[in-house]
file coords-v4.tsv (TSV, C-alpha atoms and all ligand atoms)
chain	number	residue	atom	x	y	z
A	93	MET	CA	-15.39	14.32	7.87
A	94	SER	CA	-13.82	14.44	4.40
A	95	GLU	CA	-14.70	11.70	1.97
A	96	ILE	CA	-12.11	8.97	1.55
A	97	ILE	CA	-10.53	9.15	-1.90
A	98	LEU	CA	-8.28	6.32	-3.09
A	99	HIS	CA	-5.91	6.86	-6.00
A	100	HIS	CA	-5.27	3.38	-7.38
A	101	TYR	CA	-5.53	1.04	-10.37
A	102	PRO	CA	-7.29	-2.34	-10.53
A	103	GLU	CA	-4.20	-4.56	-11.01
A	104	SER	CA	-2.19	-3.02	-8.16
A	105	LEU	CA	-1.43	-5.47	-5.32
A	106	PHE	CA	-1.14	-2.86	-2.60
A	107	SER	CA	-4.35	-1.23	-3.82
A	108	GLU	CA	-6.14	-4.55	-3.41
A	109	LYS	CA	-4.91	-4.60	0.19
A	110	VAL	CA	-6.47	-1.18	0.88
A	111	ARG	CA	-9.67	-1.89	-1.07
A	112	LEU	CA	-10.20	-4.92	1.20
A	113	VAL	CA	-9.40	-2.84	4.28
A	114	PHE	CA	-12.19	-0.48	3.19
A	115	GLY	CA	-14.44	-3.50	2.64
A	116	SER	CA	-13.71	-4.84	6.12
A	117	LYS	CA	-14.89	-1.51	7.55
A	118	ARG	CA	-17.87	-1.36	5.15
A	119	LEU	CA	-16.75	2.08	4.00
A	120	SER	CA	-18.04	4.21	1.15
A	121	TRP	CA	-15.18	5.78	-0.75
A	122	ARG	CA	-14.32	7.62	-3.95
A	123	SER	CA	-12.26	5.76	-6.51
A	124	VAL	CA	-9.77	7.63	-8.71
A	125	ILE	CA	-8.09	5.36	-11.27
A	126	ILE	CA	-4.50	6.47	-11.88
A	127	PRO	CA	-2.09	5.44	-14.67
A	128	VAL	CA	-0.12	2.20	-14.22
A	129	VAL	CA	3.05	3.87	-15.54
A	130	MET	CA	4.45	7.39	-15.50
A	131	PRO	CA	3.56	10.16	-16.17
A	132	LYS	CA	1.01	10.68	-13.37
A	133	PRO	CA	0.68	14.49	-13.28
A	134	ASP	CA	-2.59	14.55	-11.34
A	135	LEU	CA	-1.29	12.22	-8.63
A	136	LEU	CA	1.95	14.17	-8.31
A	137	ALA	CA	-0.03	17.43	-7.97
A	138	LEU	CA	-1.13	15.95	-4.63
A	139	THR	CA	1.93	14.01	-3.48
A	140	GLY	CA	4.80	16.12	-4.84
A	141	ALA	CA	7.05	13.38	-6.18
A	142	TYR	CA	5.74	10.18	-4.54
A	143	ARG	CA	4.38	8.02	-7.37
A	144	ARG	CA	3.71	4.69	-5.72
A	145	THR	CA	0.27	3.15	-5.66
A	146	PRO	CA	-2.08	3.52	-3.83
A	147	VAL	CA	-2.41	6.95	-2.21
A	148	MET	CA	-5.27	7.97	0.07
A	149	GLN	CA	-6.67	11.51	0.15
A	150	LEU	CA	-8.85	13.09	2.84
A	151	GLY	CA	-9.51	16.67	1.73
A	152	CYS	CA	-6.01	18.12	1.27
A	153	ASP	CA	-4.35	15.53	3.54
A	154	ILE	CA	-2.55	12.98	1.41
A	155	TYR	CA	-1.47	9.63	2.89
A	156	CYS	CA	1.38	7.64	1.32
A	157	ASP	CA	2.09	3.92	1.90
A	158	THR	CA	-0.44	1.26	2.81
A	159	ALA	CA	1.05	0.70	6.29
A	160	LEU	CA	0.12	4.28	7.21
A	161	ILE	CA	-3.15	4.20	5.27
A	162	SER	CA	-4.23	1.07	7.19
A	163	GLU	CA	-3.45	2.71	10.55
A	164	VAL	CA	-5.31	5.90	9.63
A	165	VAL	CA	-8.37	3.99	8.40
A	166	ASP	CA	-8.31	1.86	11.56
A	167	ARG	CA	-8.33	5.02	13.71
A	168	MET	CA	-11.22	6.47	11.69
A	169	SER	CA	-13.23	3.26	11.83
A	170	PRO	CA	-11.93	1.24	14.79
A	171	ALA	CA	-14.19	-1.81	14.82
A	172	PRO	CA	-13.30	-4.50	14.03
A	173	SER	CA	-9.65	-3.56	14.60
A	174	LEU	CA	-7.02	-4.35	11.98
A	175	PHE	CA	-4.49	-4.38	14.83
A	176	PRO	CA	-6.23	-6.21	17.70
A	177	ALA	CA	-4.57	-5.08	20.93
A	178	ASN	CA	-3.48	-8.57	22.01
A	179	GLN	CA	-1.69	-9.28	18.71
A	180	SER	CA	-0.85	-5.80	17.41
A	181	ALA	CA	2.95	-6.11	17.49
A	182	ARG	CA	2.86	-9.49	15.73
A	183	VAL	CA	0.43	-8.16	13.13
A	184	GLN	CA	2.55	-5.05	12.48
A	185	MET	CA	5.81	-6.97	12.19
A	186	ALA	CA	4.47	-9.85	10.11
A	187	SER	CA	2.52	-7.49	7.81
A	188	ARG	CA	5.73	-5.63	7.10
A	189	TRP	CA	7.46	-8.88	6.20
A	190	ALA	CA	4.57	-9.85	3.93
A	191	ASP	CA	4.55	-6.41	2.27
A	192	THR	CA	8.26	-6.67	1.46
A	193	THR	CA	9.68	-10.21	1.32
A	194	LEU	CA	6.46	-12.02	0.41
A	195	PHE	CA	5.51	-9.23	-2.04
A	196	SER	CA	8.84	-9.57	-3.80
A	197	ALA	CA	8.49	-13.37	-3.97
A	198	ALA	CA	4.93	-13.11	-5.32
A	199	VAL	CA	5.79	-10.60	-8.04
A	200	SER	CA	8.97	-12.44	-9.06
A	201	TYR	CA	7.20	-15.80	-9.22
A	202	SER	CA	4.28	-14.38	-11.23
A	203	MET	CA	6.55	-12.67	-13.74
A	204	GLN	CA	7.54	-15.94	-15.39
A	205	PRO	CA	6.53	-16.26	-19.05
A	206	GLU	CA	3.27	-18.08	-18.19
A	207	GLY	CA	2.20	-15.37	-15.73
A	208	ILE	CA	3.28	-12.49	-17.96
A	209	ALA	CA	1.20	-13.91	-20.83
A	210	LYS	CA	-1.86	-14.11	-18.54
A	211	ILE	CA	-1.43	-10.65	-16.97
A	212	PHE	CA	-0.56	-8.91	-20.26
A	213	PRO	CA	-2.51	-10.37	-23.17
A	214	ASP	CA	-0.87	-7.59	-25.24
A	215	PRO	CA	2.94	-7.94	-24.98
A	216	LYS	CA	3.26	-4.15	-25.43
A	217	GLY	CA	1.70	-3.78	-21.96
A	218	ALA	CA	4.46	-5.89	-20.41
A	219	GLU	CA	7.12	-3.96	-22.29
A	220	ALA	CA	5.73	-0.60	-21.13
A	221	LEU	CA	5.62	-1.84	-17.53
A	222	PHE	CA	9.18	-3.15	-17.48
A	223	THR	CA	10.49	0.04	-19.10
A	224	ASP	CA	8.69	2.13	-16.46
A	225	ARG	CA	9.72	-0.02	-13.51
A	226	GLN	CA	13.44	-0.20	-14.33
A	227	PRO	CA	14.28	3.30	-13.03
A	228	PHE	CA	11.50	3.00	-10.43
A	229	LEU	CA	13.16	-0.01	-8.80
A	230	ALA	CA	16.69	1.44	-8.97
A	231	GLY	CA	18.45	3.52	-6.34
A	232	GLY	CA	16.81	2.04	-3.24
A	233	SER	CA	17.68	-0.73	-0.80
A	234	ALA	CA	15.26	-3.38	-2.09
A	235	GLN	CA	15.72	-5.96	-4.77
A	236	VAL	CA	12.10	-6.48	-5.76
A	237	PHE	CA	12.66	-8.91	-8.62
A	238	ILE	CA	14.46	-12.11	-7.62
A	239	ALA	CA	14.82	-15.42	-9.46
A	240	ALA	CA	11.55	-17.38	-9.52
A	241	ALA	CA	13.38	-20.39	-8.04
A	242	ASP	CA	14.50	-18.23	-5.11
A	243	ALA	CA	10.94	-16.93	-4.63
A	244	LEU	CA	9.36	-20.38	-4.50
A	245	PRO	CA	10.47	-21.43	-0.97
A	246	THR	CA	9.10	-18.21	0.53
A	247	LEU	CA	5.73	-18.85	-1.12
A	248	MET	CA	5.56	-22.53	-0.13
A	249	GLY	CA	6.67	-21.75	3.42
A	250	THR	CA	4.10	-18.99	3.87
A	251	ILE	CA	1.27	-21.10	2.50
A	252	ASP	CA	2.20	-23.98	4.80
A	253	TRP	CA	2.50	-21.75	7.90
A	254	ILE	CA	-0.92	-20.27	7.30
A	255	ASP	CA	-2.52	-23.58	6.39
A	256	ALA	CA	-1.27	-25.16	9.62
A	257	GLU	CA	-2.32	-22.22	11.81
A	258	LEU	CA	-5.82	-22.03	10.31
A	259	ALA	CA	-6.23	-25.79	10.74
A	260	ALA	CA	-5.27	-25.43	14.42
A	261	SER	CA	-7.33	-22.31	15.17
A	262	GLY	CA	-10.39	-23.23	13.12
A	263	ALA	CA	-10.83	-19.47	12.61
A	264	PRO	CA	-11.89	-17.93	9.29
A	265	PHE	CA	-8.99	-15.43	9.32
A	266	ILE	CA	-5.36	-15.34	10.46
A	267	GLY	CA	-6.51	-12.58	12.81
A	268	GLY	CA	-9.24	-14.83	14.26
A	269	ALA	CA	-12.96	-14.21	13.88
A	270	THR	CA	-12.28	-10.92	12.05
A	271	PRO	CA	-9.45	-10.12	9.65
A	272	SER	CA	-6.33	-8.29	10.83
A	273	ALA	CA	-3.97	-6.21	8.70
A	274	LEU	CA	-1.88	-9.37	8.32
A	275	ASP	CA	-4.69	-11.14	6.47
A	276	PHE	CA	-4.71	-8.37	3.89
A	277	SER	CA	-0.91	-8.11	3.61
A	278	VAL	CA	-0.63	-11.83	2.84
A	279	TYR	CA	-3.76	-11.96	0.72
A	280	HIS	CA	-2.78	-9.26	-1.79
A	281	CYS	CA	0.42	-11.18	-2.60
A	282	LEU	CA	-1.38	-14.49	-3.21
A	283	TRP	CA	-4.15	-12.62	-5.09
A	284	PHE	CA	-1.55	-11.40	-7.58
A	285	ILE	CA	-0.23	-14.92	-8.18
A	286	GLN	CA	-3.84	-16.07	-8.61
A	287	GLY	CA	-4.36	-13.33	-11.23
A	288	ALA	CA	-1.29	-14.64	-13.04
A	289	GLY	CA	-2.95	-18.09	-13.09
A	290	MET	CA	-0.12	-19.63	-11.06
A	291	LEU	CA	-1.56	-20.15	-7.59
A	292	ASP	CA	-3.27	-23.53	-7.96
A	293	GLY	CA	0.00	-25.47	-8.17
A	294	LEU	CA	1.27	-23.78	-5.00
A	295	LEU	CA	-1.91	-24.62	-3.09
A	296	ALA	CA	-2.03	-28.31	-4.10
A	297	GLY	CA	-2.87	-30.46	-1.08
A	298	ARG	CA	-3.61	-27.46	1.14
A	299	ALA	CA	-7.25	-27.13	2.23
A	300	GLN	CA	-7.23	-24.15	4.61
A	301	VAL	CA	-5.56	-21.49	2.48
A	302	PRO	CA	-8.00	-21.80	-0.46
A	303	ALA	CA	-10.94	-21.49	2.00
A	304	TRP	CA	-9.26	-18.50	3.69
A	305	MET	CA	-8.70	-16.81	0.31
A	306	LYS	CA	-12.42	-17.14	-0.37
A	307	ASN	CA	-13.23	-15.66	3.07
A	308	VAL	CA	-11.00	-12.64	2.40
A	309	ALA	CA	-12.29	-12.13	-1.16
A	310	ALA	CA	-15.88	-12.24	0.17
A	311	ILE	CA	-15.13	-9.17	2.33
A	312	GLY	CA	-15.29	-7.12	-0.86
A	313	HIS	CA	-14.28	-3.51	-1.37
A	314	GLY	CA	-17.02	-1.61	0.46
A	315	ASN	CA	-18.81	0.94	-1.65
A	316	PRO	CA	-16.56	2.68	-4.22
A	317	VAL	CA	-17.96	5.51	-6.33
A	318	ALA	CA	-15.90	6.76	-9.28
A	319	MET	CA	-14.27	10.19	-9.19
A	320	SER	CA	-12.05	11.89	-11.77
A	321	SER	CA	-8.53	12.98	-10.90
A	322	THR	CA	-9.42	16.61	-11.67
A	323	GLU	CA	-12.32	16.40	-9.23
A	324	ALA	CA	-9.94	15.03	-6.58
A	325	ILE	CA	-7.59	17.97	-7.15
A	326	ALA	CA	-10.53	20.36	-6.78
A	327	VAL	CA	-11.43	18.68	-3.46
A	328	ALA	CA	-7.88	19.29	-2.22
A	329	LYS	CA	-7.92	22.90	-3.41
A	330	ALA	CA	-11.16	23.63	-1.51
A	331	ALA	CA	-10.03	21.93	1.74
A	332	THR	CA	-7.96	23.02	4.70
A	333	PRO	CA	-5.48	20.58	6.28
A	334	ALA	CA	-6.54	18.53	9.29
A	335	ARG	CA	-5.03	19.49	12.64
A	336	ALA	CA	-1.59	17.92	12.83
A	337	GLU	CA	-0.46	15.74	15.74
A	338	PRO	CA	1.84	17.60	18.16
A	339	PHE	CA	5.52	17.59	17.23
A	340	ALA	CA	7.22	14.88	19.28
A	341	ALA	CA	10.55	16.23	20.50
A	342	GLY	CA	13.29	13.64	20.67
A	343	SER	CA	11.96	11.60	17.80
A	344	THR	CA	12.88	13.91	15.00
A	345	ASP	CA	16.55	13.51	14.17
A	346	GLY	CA	17.36	17.17	14.91
A	347	LEU	CA	14.47	18.53	12.88
A	348	ALA	CA	12.02	21.27	13.82
A	349	PRO	CA	8.63	22.31	12.44
A	350	GLY	CA	9.13	24.79	9.61
A	351	ASP	CA	12.33	23.13	8.34
A	352	ALA	CA	12.64	22.77	4.57
A	353	VAL	CA	12.89	19.01	4.08
A	354	GLU	CA	12.51	16.21	1.60
A	355	VAL	CA	11.07	12.77	2.29
A	356	ALA	CA	11.66	9.64	0.22
A	357	ALA	CA	11.09	5.90	0.48
A	358	THR	CA	14.26	3.94	1.18
A	359	ASP	CA	13.44	0.70	-0.64
A	360	TYR	CA	12.29	1.63	-4.19
A	361	GLY	CA	10.39	4.43	-5.87
A	362	VAL	CA	12.75	6.77	-4.04
A	363	ASP	CA	11.67	10.08	-5.65
A	364	ALA	CA	11.80	12.69	-2.88
A	365	THR	CA	8.87	14.96	-2.02
A	366	ALA	CA	10.00	18.42	-0.94
A	367	GLY	CA	8.11	20.64	1.50
A	368	THR	CA	8.08	22.24	4.92
A	369	LEU	CA	8.00	20.01	7.98
A	370	VAL	CA	4.66	20.41	9.73
A	371	THR	CA	5.13	17.73	12.33
A	372	ALA	CA	7.00	14.58	13.12
A	373	THR	CA	5.97	11.94	15.61
A	374	ARG	CA	7.64	8.64	16.38
A	375	ARG	CA	5.55	7.09	13.59
A	376	GLU	CA	4.83	9.72	10.96
A	377	PHE	CA	6.13	12.76	9.07
A	378	VAL	CA	3.80	15.41	7.71
A	379	ILE	CA	5.11	17.96	5.24
A	380	ALA	CA	3.30	20.93	3.71
A	381	ARG	CA	3.67	21.81	0.06
A	382	GLU	CA	2.02	24.23	-2.30
A	383	ASP	CA	0.81	23.07	-5.69
A	384	ALA	CA	-0.35	25.34	-8.51
A	385	ARG	CA	-3.51	23.27	-8.98
A	386	ALA	CA	-4.13	21.55	-5.64
A	387	GLY	CA	-3.19	24.50	-3.41
A	388	LYS	CA	-1.76	23.81	0.05
A	389	VAL	CA	-1.57	20.11	0.83
A	390	HIS	CA	-0.22	18.13	3.77
A	391	VAL	CA	1.55	14.95	2.69
A	392	HIS	CA	1.81	12.19	5.32
A	393	PHE	CA	4.50	9.48	5.32
A	394	PRO	CA	5.17	6.66	7.77
A	395	ARG	CA	8.66	6.89	9.30
A	396	ILE	CA	9.44	3.19	8.86
A	397	GLY	CA	10.74	2.72	5.32
A	398	PHE	CA	11.21	6.45	4.66
A	399	ARG	CA	14.06	8.90	5.13
A	400	ILE	CA	13.93	12.62	5.77
A	401	ALA	CA	16.66	15.17	4.99
A	402	LYS	CA	16.98	18.92	5.39
A	403	ARG	CA	17.15	20.75	2.08
B	1	LIG	N1	5.25	0.02	0.66
B	1	LIG	C1	4.34	0.55	-0.33
B	1	LIG	C2	4.46	-0.25	-1.64
B	1	LIG	C3	3.58	0.27	-2.74
B	1	LIG	C4	3.93	-0.36	-4.10
B	1	LIG	O1	5.00	-0.95	-4.29
B	1	LIG	N2	3.00	-0.23	-5.04
B	1	LIG	C5	3.26	-0.65	-6.41
B	1	LIG	C6	1.96	-1.05	-7.08
B	1	LIG	S1	1.24	-2.49	-6.34
B	1	LIG	C7	3.79	0.54	-7.16
B	1	LIG	O2	3.83	1.63	-6.63
B	1	LIG	N3	4.18	0.34	-8.42
B	1	LIG	C8	4.58	1.46	-9.23
B	1	LIG	C9	3.46	2.34	-9.63
B	1	LIG	O3	2.28	2.02	-9.41
B	1	LIG	O4	3.75	3.40	-10.18
B	1	LIG	C10	2.94	0.53	0.24
B	1	LIG	O5	2.68	-0.25	1.16
B	1	LIG	O6	2.12	1.36	-0.20

call {"tool": "encode", "arguments": {"input": "coords-v4.tsv", "output": "structure tokens", "more": "lines below"}}
Ligand SMILES: N[C@@H](CCC(=O)N[C@@H](CS)C(=O)NCC(=O)O)C(=O)O
result
Amino acid sequence: MSEIILHHYPESLFSEKVRLVFGSKRLSWRSVIIPVVMPKPDLLALTGAYRRTPVMQLGCDIYCDTALISEVVDRMSPAPSLFPANQSARVQMASRWADTTLFSAAVSYSMQPEGIAKIFPDPKGAEALFTDRQPFLAGGSAQVFIAAADALPTLMGTIDWIDAELAASGAPFIGGATPSALDFSVYHCLWFIQGAGMLDGLLAGRAQVPAWMKNVAAIGHGNPVAMSSTEAIAVAKAATPARAEPFAAGSTDGLAPGDAVEVAATDYGVDATAGTLVTATRREFVIAREDARAGKVHVHFPRIGFRIAKR
């Protein structure tokens, strides 16, 4: 089996989600640190145009979006499951809400002057980030930054829901005795607010959530070993794509394998990756593309949150 390679950077919320997923499975993985802002030529050699963080690589199979990455990792390493069978729909739906609405609330709340000063001791860092993210956040369906006052109720509500449930269940995780994907989707949002030094006020008077945060943090990141981005490209170049799932007729919006297509996120970071459709299932698109440095790669996208169009 190919080594797991994660393209990420330390401060990235969604990367923290996946690092903890790896930790929950006690995985060894290769860690490629990518730039926080564009340009990211070595990442784009693998993904085409997709620039969001993180991206997982297995040989020359490239997986975009943490919802898909979590499912793939859970299939590779099934126990304990991130999507326990008796709560899998709830976990999937609530994780998606946390990864969008709660994420937006967490980022918006943290990006108040106090949080910005903590996250970016050098104001030039903040300036570079905002300049990079302006076009990145434009053109899609999501409004990621909202007023901090509008973000606050979502944060207080979430903290209170979780605090009450953990008090009732007595379990260490929202998922029960072991963490589910929902634990990680909520955690990475609160982790970011914590990094901005703004979580304590929100947790005042709540006993369960601080204990739960410690339980999740204690899971750790598994065993990461550094890898350079050029090494990762060489891994892709030397690999052959994994066998694709069969094409699922009826789920493909009139598409057929071999079609020239482009795939893009619908919410933000909507740069489209062009390639040839390898397969489509009810859950995933896989497109093949050729890169001068990485050779032939298969790029995988979840269907939820992404659109596909014929070129
Ligand atoms: N739905 C995506 C969201 C990923 C995302 O928004 N990542 C942020 C970093 S935490 C990002 O891409 N920021 C811009 C960048 O890193 O270039 C996922 O689950 O992977």

call {"tool": "atom_distance", "arguments": {"input": "coords-v4.tsv", "atom1": "atom CA of Ala220 of chain A", "atom2": "atom CA of Val129 of chain A"}}
result
7.6 Å

call {"tool": "residues_around", "arguments": {"input": "coords-v4.tsv", "residues": "Asp242 of chain A", "least_positions_apart": "6", "cutoff": "9 Å", "atoms": "all atoms listed in the file", "output": "list in words"}}
result
Ala197, Ser200 and Tyr201 of chain A

call {"tool": "closest_residue", "arguments": {"input": "coords-v4.tsv", "among": "A:Glu206, A:Asp153, A:Glu108, A:Glu95", "to": "Val389 of chain A", "atoms": "all atoms listed in the file"}}
result
A:Asp153

call {"tool": "closest_residue", "arguments": {"input": "coords-v4.tsv", "among": "A:Ile251, A:Leu98, A:Leu138, A:Ile125", "to": "Arg298 of chain A", "atoms": "only C-alpha atoms"}}
result
A:Ile251

call {"tool": "closest_residue", "arguments": {"input": "coords-v4.tsv", "among": "A:Ala256, A:Ile266, A:Leu105, A:Val370", "to": "ligand LIG 1 (chain B)", "atoms": "only C-alpha atoms and all ligand atoms"}}
result
A:Leu105

call {"tool": "closest_residue", "arguments": {"input": "coords-v4.tsv", "among": "A:Val183, A:Cys281, A:Ala159, A:Val308", "to": "ligand LIG 1 (chain B)", "atoms": "all atoms listed in the file"}}
result
A:Ala159

call {"tool": "residues_around", "arguments": {"input": "coords-v4.tsv", "residues": "His100 of chain A", "least_positions_apart": "6", "cutoff": "8 Å", "atoms": "all atoms listed in the file", "output": "list in words"}}
result
Ser107, Ser123, Val124, Ile125, Ile126, Thr145, Pro146 and Val147 of chain A

call {"tool": "closest_atom_pairs", "arguments": {"input": "coords-v4.tsv", "of": "chain A", "to": "ligand LIG 1 (chain B)", "cutoff": "10 Å", "atoms": "only C-alpha atoms and all ligand atoms", "output": "JSON lines"}}
result
{"residue": "A:His100", "atom": "CA", "partner": "B:LIG1", "partner_atom": "O3", "distance": 7.9}
{"residue": "A:Tyr101", "atom": "CA", "partner": "B:LIG1", "partner_atom": "O3", "distance": 7.9}
{"residue": "A:Pro102", "atom": "CA", "partner": "B:LIG1", "partner_atom": "S1", "distance": 9.5}
{"residue": "A:Glu103", "atom": "CA", "partner": "B:LIG1", "partner_atom": "S1", "distance": 7.5}
{"residue": "A:Ser104", "atom": "CA", "partner": "B:LIG1", "partner_atom": "S1", "distance": 3.9}
{"residue": "A:Leu105", "atom": "CA", "partner": "B:LIG1", "partner_atom": "S1", "distance": 4.1}
{"residue": "A:Phe106", "atom": "CA", "partner": "B:LIG1", "partner_atom": "S1", "distance": 4.4}
{"residue": "A:Ser107", "atom": "CA", "partner": "B:LIG1", "partner_atom": "S1", "distance": 6.3}
{"residue": "A:Glu108", "atom": "CA", "partner": "B:LIG1", "partner_atom": "S1", "distance": 8.2}
{"residue": "A:Lys109", "atom": "CA", "partner": "B:LIG1", "partner_atom": "O5", "distance": 8.8}
{"residue": "A:Val110", "atom": "CA", "partner": "B:LIG1", "partner_atom": "O6", "distance": 9.0}
{"residue": "A:Ile126", "atom": "CA", "partner": "B:LIG1", "partner_atom": "O3", "distance": 8.5}
{"residue": "A:Pro127", "atom": "CA", "partner": "B:LIG1", "partner_atom": "O4", "distance": 7.6}
{"residue": "A:Val128", "atom": "CA", "partner": "B:LIG1", "partner_atom": "O3", "distance": 5.4}
{"residue": "A:Val129", "atom": "CA", "partner": "B:LIG1", "partner_atom": "O4", "distance": 5.4}
{"residue": "A:Met130", "atom": "CA", "partner": "B:LIG1", "partner_atom": "O4", "distance": 6.7}
{"residue": "A:Pro131", "atom": "CA", "partner": "B:LIG1", "partner_atom": "O4", "distance": 9.0}
{"residue": "A:Lys132", "atom": "CA", "partner": "B:LIG1", "partner_atom": "O4", "distance": 8.4}
{"residue": "A:Tyr142", "atom": "CA", "partner": "B:LIG1", "partner_atom": "O2", "distance": 9.0}
{"residue": "A:Arg143", "atom": "CA", "partner": "B:LIG1", "partner_atom": "O4", "distance": 5.4}
{"residue": "A:Arg144", "atom": "CA", "partner": "B:LIG1", "partner_atom": "O2", "distance": 3.2}
{"residue": "A:Thr145", "atom": "CA", "partner": "B:LIG1", "partner_atom": "O2", "distance": 4.0}
{"residue": "A:Pro146", "atom": "CA", "partner": "B:LIG1", "partner_atom": "O6", "distance": 6.0}
{"residue": "A:Val147", "atom": "CA", "partner": "B:LIG1", "partner_atom": "O6", "distance": 7.5}
{"residue": "A:Met148", "atom": "CA", "partner": "B:LIG1", "partner_atom": "O6", "distance": 9.9}
{"residue": "A:Tyr155", "atom": "CA", "partner": "B:LIG1", "partner_atom": "O6", "distance": 9.5}
{"residue": "A:Cys156", "atom": "CA", "partner": "B:LIG1", "partner_atom": "O6", "distance": 6.5}
{"residue": "A:Asp157", "atom": "CA", "partner": "B:LIG1", "partner_atom": "O6", "distance": 3.3}
{"residue": "A:Thr158", "atom": "CA", "partner": "B:LIG1", "partner_atom": "O5", "distance": 3.8}
{"residue": "A:Ala159", "atom": "CA", "partner": "B:LIG1", "partner_atom": "O5", "distance": 5.5}
{"residue": "A:Leu160", "atom": "CA", "partner": "B:LIG1", "partner_atom": "O5", "distance": 8.0}
{"residue": "A:Ile161", "atom": "CA", "partner": "B:LIG1", "partner_atom": "O6", "distance": 8.1}
{"residue": "A:Ser162", "atom": "CA", "partner": "B:LIG1", "partner_atom": "O5", "distance": 9.3}
{"residue": "A:Ser187", "atom": "CA", "partner": "B:LIG1", "partner_atom": "O5", "distance": 9.8}
{"residue": "A:Arg188", "atom": "CA", "partner": "B:LIG1", "partner_atom": "O5", "distance": 8.6}
{"residue": "A:Asp191", "atom": "CA", "partner": "B:LIG1", "partner_atom": "O5", "distance": 6.5}
{"residue": "A:Thr192", "atom": "CA", "partner": "B:LIG1", "partner_atom": "N1", "distance": 7.4}
{"residue": "A:Phe195", "atom": "CA", "partner": "B:LIG1", "partner_atom": "O1", "distance": 8.6}
{"residue": "A:Ser196", "atom": "CA", "partner": "B:LIG1", "partner_atom": "O1", "distance": 9.4}
{"residue": "A:Val199", "atom": "CA", "partner": "B:LIG1", "partner_atom": "S1", "distance": 9.5}
{"residue": "A:Leu221", "atom": "CA", "partner": "B:LIG1", "partner_atom": "C8", "distance": 9.0}
{"residue": "A:Asp224", "atom": "CA", "partner": "B:LIG1", "partner_atom": "O4", "distance": 8.1}
{"residue": "A:Arg225", "atom": "CA", "partner": "B:LIG1", "partner_atom": "C8", "distance": 6.9}
{"residue": "A:Phe228", "atom": "CA", "partner": "B:LIG1", "partner_atom": "C8", "distance": 7.2}
{"residue": "A:Leu229", "atom": "CA", "partner": "B:LIG1", "partner_atom": "C8", "distance": 8.7}
{"residue": "A:Val236", "atom": "CA", "partner": "B:LIG1", "partner_atom": "O1", "distance": 9.1}
{"residue": "A:Ser277", "atom": "CA", "partner": "B:LIG1", "partner_atom": "O5", "distance": 9.0}
{"residue": "A:His280", "atom": "CA", "partner": "B:LIG1", "partner_atom": "S1", "distance": 9.1}
{"residue": "A:Cys281", "atom": "CA", "partner": "B:LIG1", "partner_atom": "S1", "distance": 9.5}
{"residue": "A:Phe284", "atom": "CA", "partner": "B:LIG1", "partner_atom": "S1", "distance": 9.4}
{"residue": "A:Ala357", "atom": "CA", "partner": "B:LIG1", "partner_atom": "N1", "distance": 8.3}
{"residue": "A:Thr358", "atom": "CA", "partner": "B:LIG1", "partner_atom": "N1", "distance": 9.8}
{"residue": "A:Asp359", "atom": "CA", "partner": "B:LIG1", "partner_atom": "N1", "distance": 8.3}
{"residue": "A:Tyr360", "atom": "CA", "partner": "B:LIG1", "partner_atom": "O1", "distance": 7.7}
{"residue": "A:Gly361", "atom": "CA", "partner": "B:LIG1", "partner_atom": "O2", "distance": 7.2}
{"residue": "A:Pro394", "atom": "CA", "partner": "B:LIG1", "partner_atom": "N1", "distance": 9.7}
{"residue": "A:Ile396", "atom": "CA", "partner": "B:LIG1", "partner_atom": "N1", "distance": 9.7}
{"residue": "A:Gly397", "atom": "CA", "partner": "B:LIG1", "partner_atom": "N1", "distance": 7.7}
{"residue": "A:Phe398", "atom": "CA", "partner": "B:LIG1", "partner_atom": "N1", "distance": 9.6}

call {"tool": "closest_residue", "arguments": {"input": "coords-v4.tsv", "among": "A:Thr373, A:Thr368, A:Gln286, A:Ser94", "to": "Asp345 of chain A", "atoms": "only C-alpha atoms"}}
result
A:Thr373

call {"tool": "closest_residue", "arguments": {"input": "coords-v4.tsv", "among": "A:Ala336, A:Ile97, A:Leu194, A:Ala288", "to": "Phe212 of chain A", "atoms": "all atoms listed in the file"}}
result
A:Ala288

call {"tool": "residues_around", "arguments": {"input": "coords-v4.tsv", "residues": "Arg385 of chain A", "least_positions_apart": "5", "cutoff": "9 Å", "atoms": "all atoms listed in the file", "output": "list in words"}}
result
Ala137, Leu138, Ile325, Ala326, Ala328 and Lys329 of chain A

call {"tool": "atom_distance", "arguments": {"input": "coords-v4.tsv", "atom1": "atom CA of Phe114 of chain A", "atom2": "atom CA of Gln235 of chain A"}}
result
29.5 Å

call {"tool": "atom_distance", "arguments": {"input": "coords-v4.tsv", "atom1": "atom CA of Thr139 of chain A", "atom2": "atom CA of Leu347 of chain A"}}
result
21.1 Å

call {"tool": "residues_near_point", "arguments": {"input": "coords-v4.tsv", "point": "(-2.3, 14.1, 5.1)", "cutoff": "9 Å", "atoms": "all atoms listed in the file", "output": "VMD selection string"}}
result
chain A and resid 148 to 156 333 to 334 336 378 to 380 389 to 393

call {"tool": "residues_around", "arguments": {"input": "coords-v4.tsv", "residues": "Leu294 of chain A", "least_positions_apart": "5", "cutoff": "10 Å", "atoms": "all atoms listed in the file", "output": "MDAnalysis selection string"}}
result
chainID A and resid 244 247:248 251:252 282 285:286

call {"tool": "decode", "arguments": {"input": "coords-v4.tsv", "residues": "segment 324-333 of chain A", "atoms": "C-alpha atoms", "output": "mmCIF file, in the first residue's frame"}}
result
data_model
loop_
_atom_site.group_PDB
_atom_site.id
_atom_site.type_symbol
_atom_site.label_atom_id
_atom_site.label_comp_id
_atom_site.auth_asym_id
_atom_site.auth_seq_id
_atom_site.Cartn_x
_atom_site.Cartn_y
_atom_site.Cartn_z
ATOM 1 C CA ALA A 324 6.115 13.853 -3.117
ATOM 2 C CA ILE A 325 6.020 14.724 -6.820
ATOM 3 C CA ALA A 326 8.618 12.008 -7.494
ATOM 4 C CA VAL A 327 6.408 9.505 -5.617
ATOM 5 C CA ALA A 328 3.486 10.422 -7.886
ATOM 6 C CA LYS A 329 5.636 10.169 -11.010
ATOM 7 C CA ALA A 330 6.798 6.647 -10.096
ATOM 8 C CA ALA A 331 3.301 5.365 -9.192
ATOM 9 C CA THR A 332 0.406 3.972 -11.180
ATOM 10 C CA PRO A 333 -3.162 4.965 -10.259
#
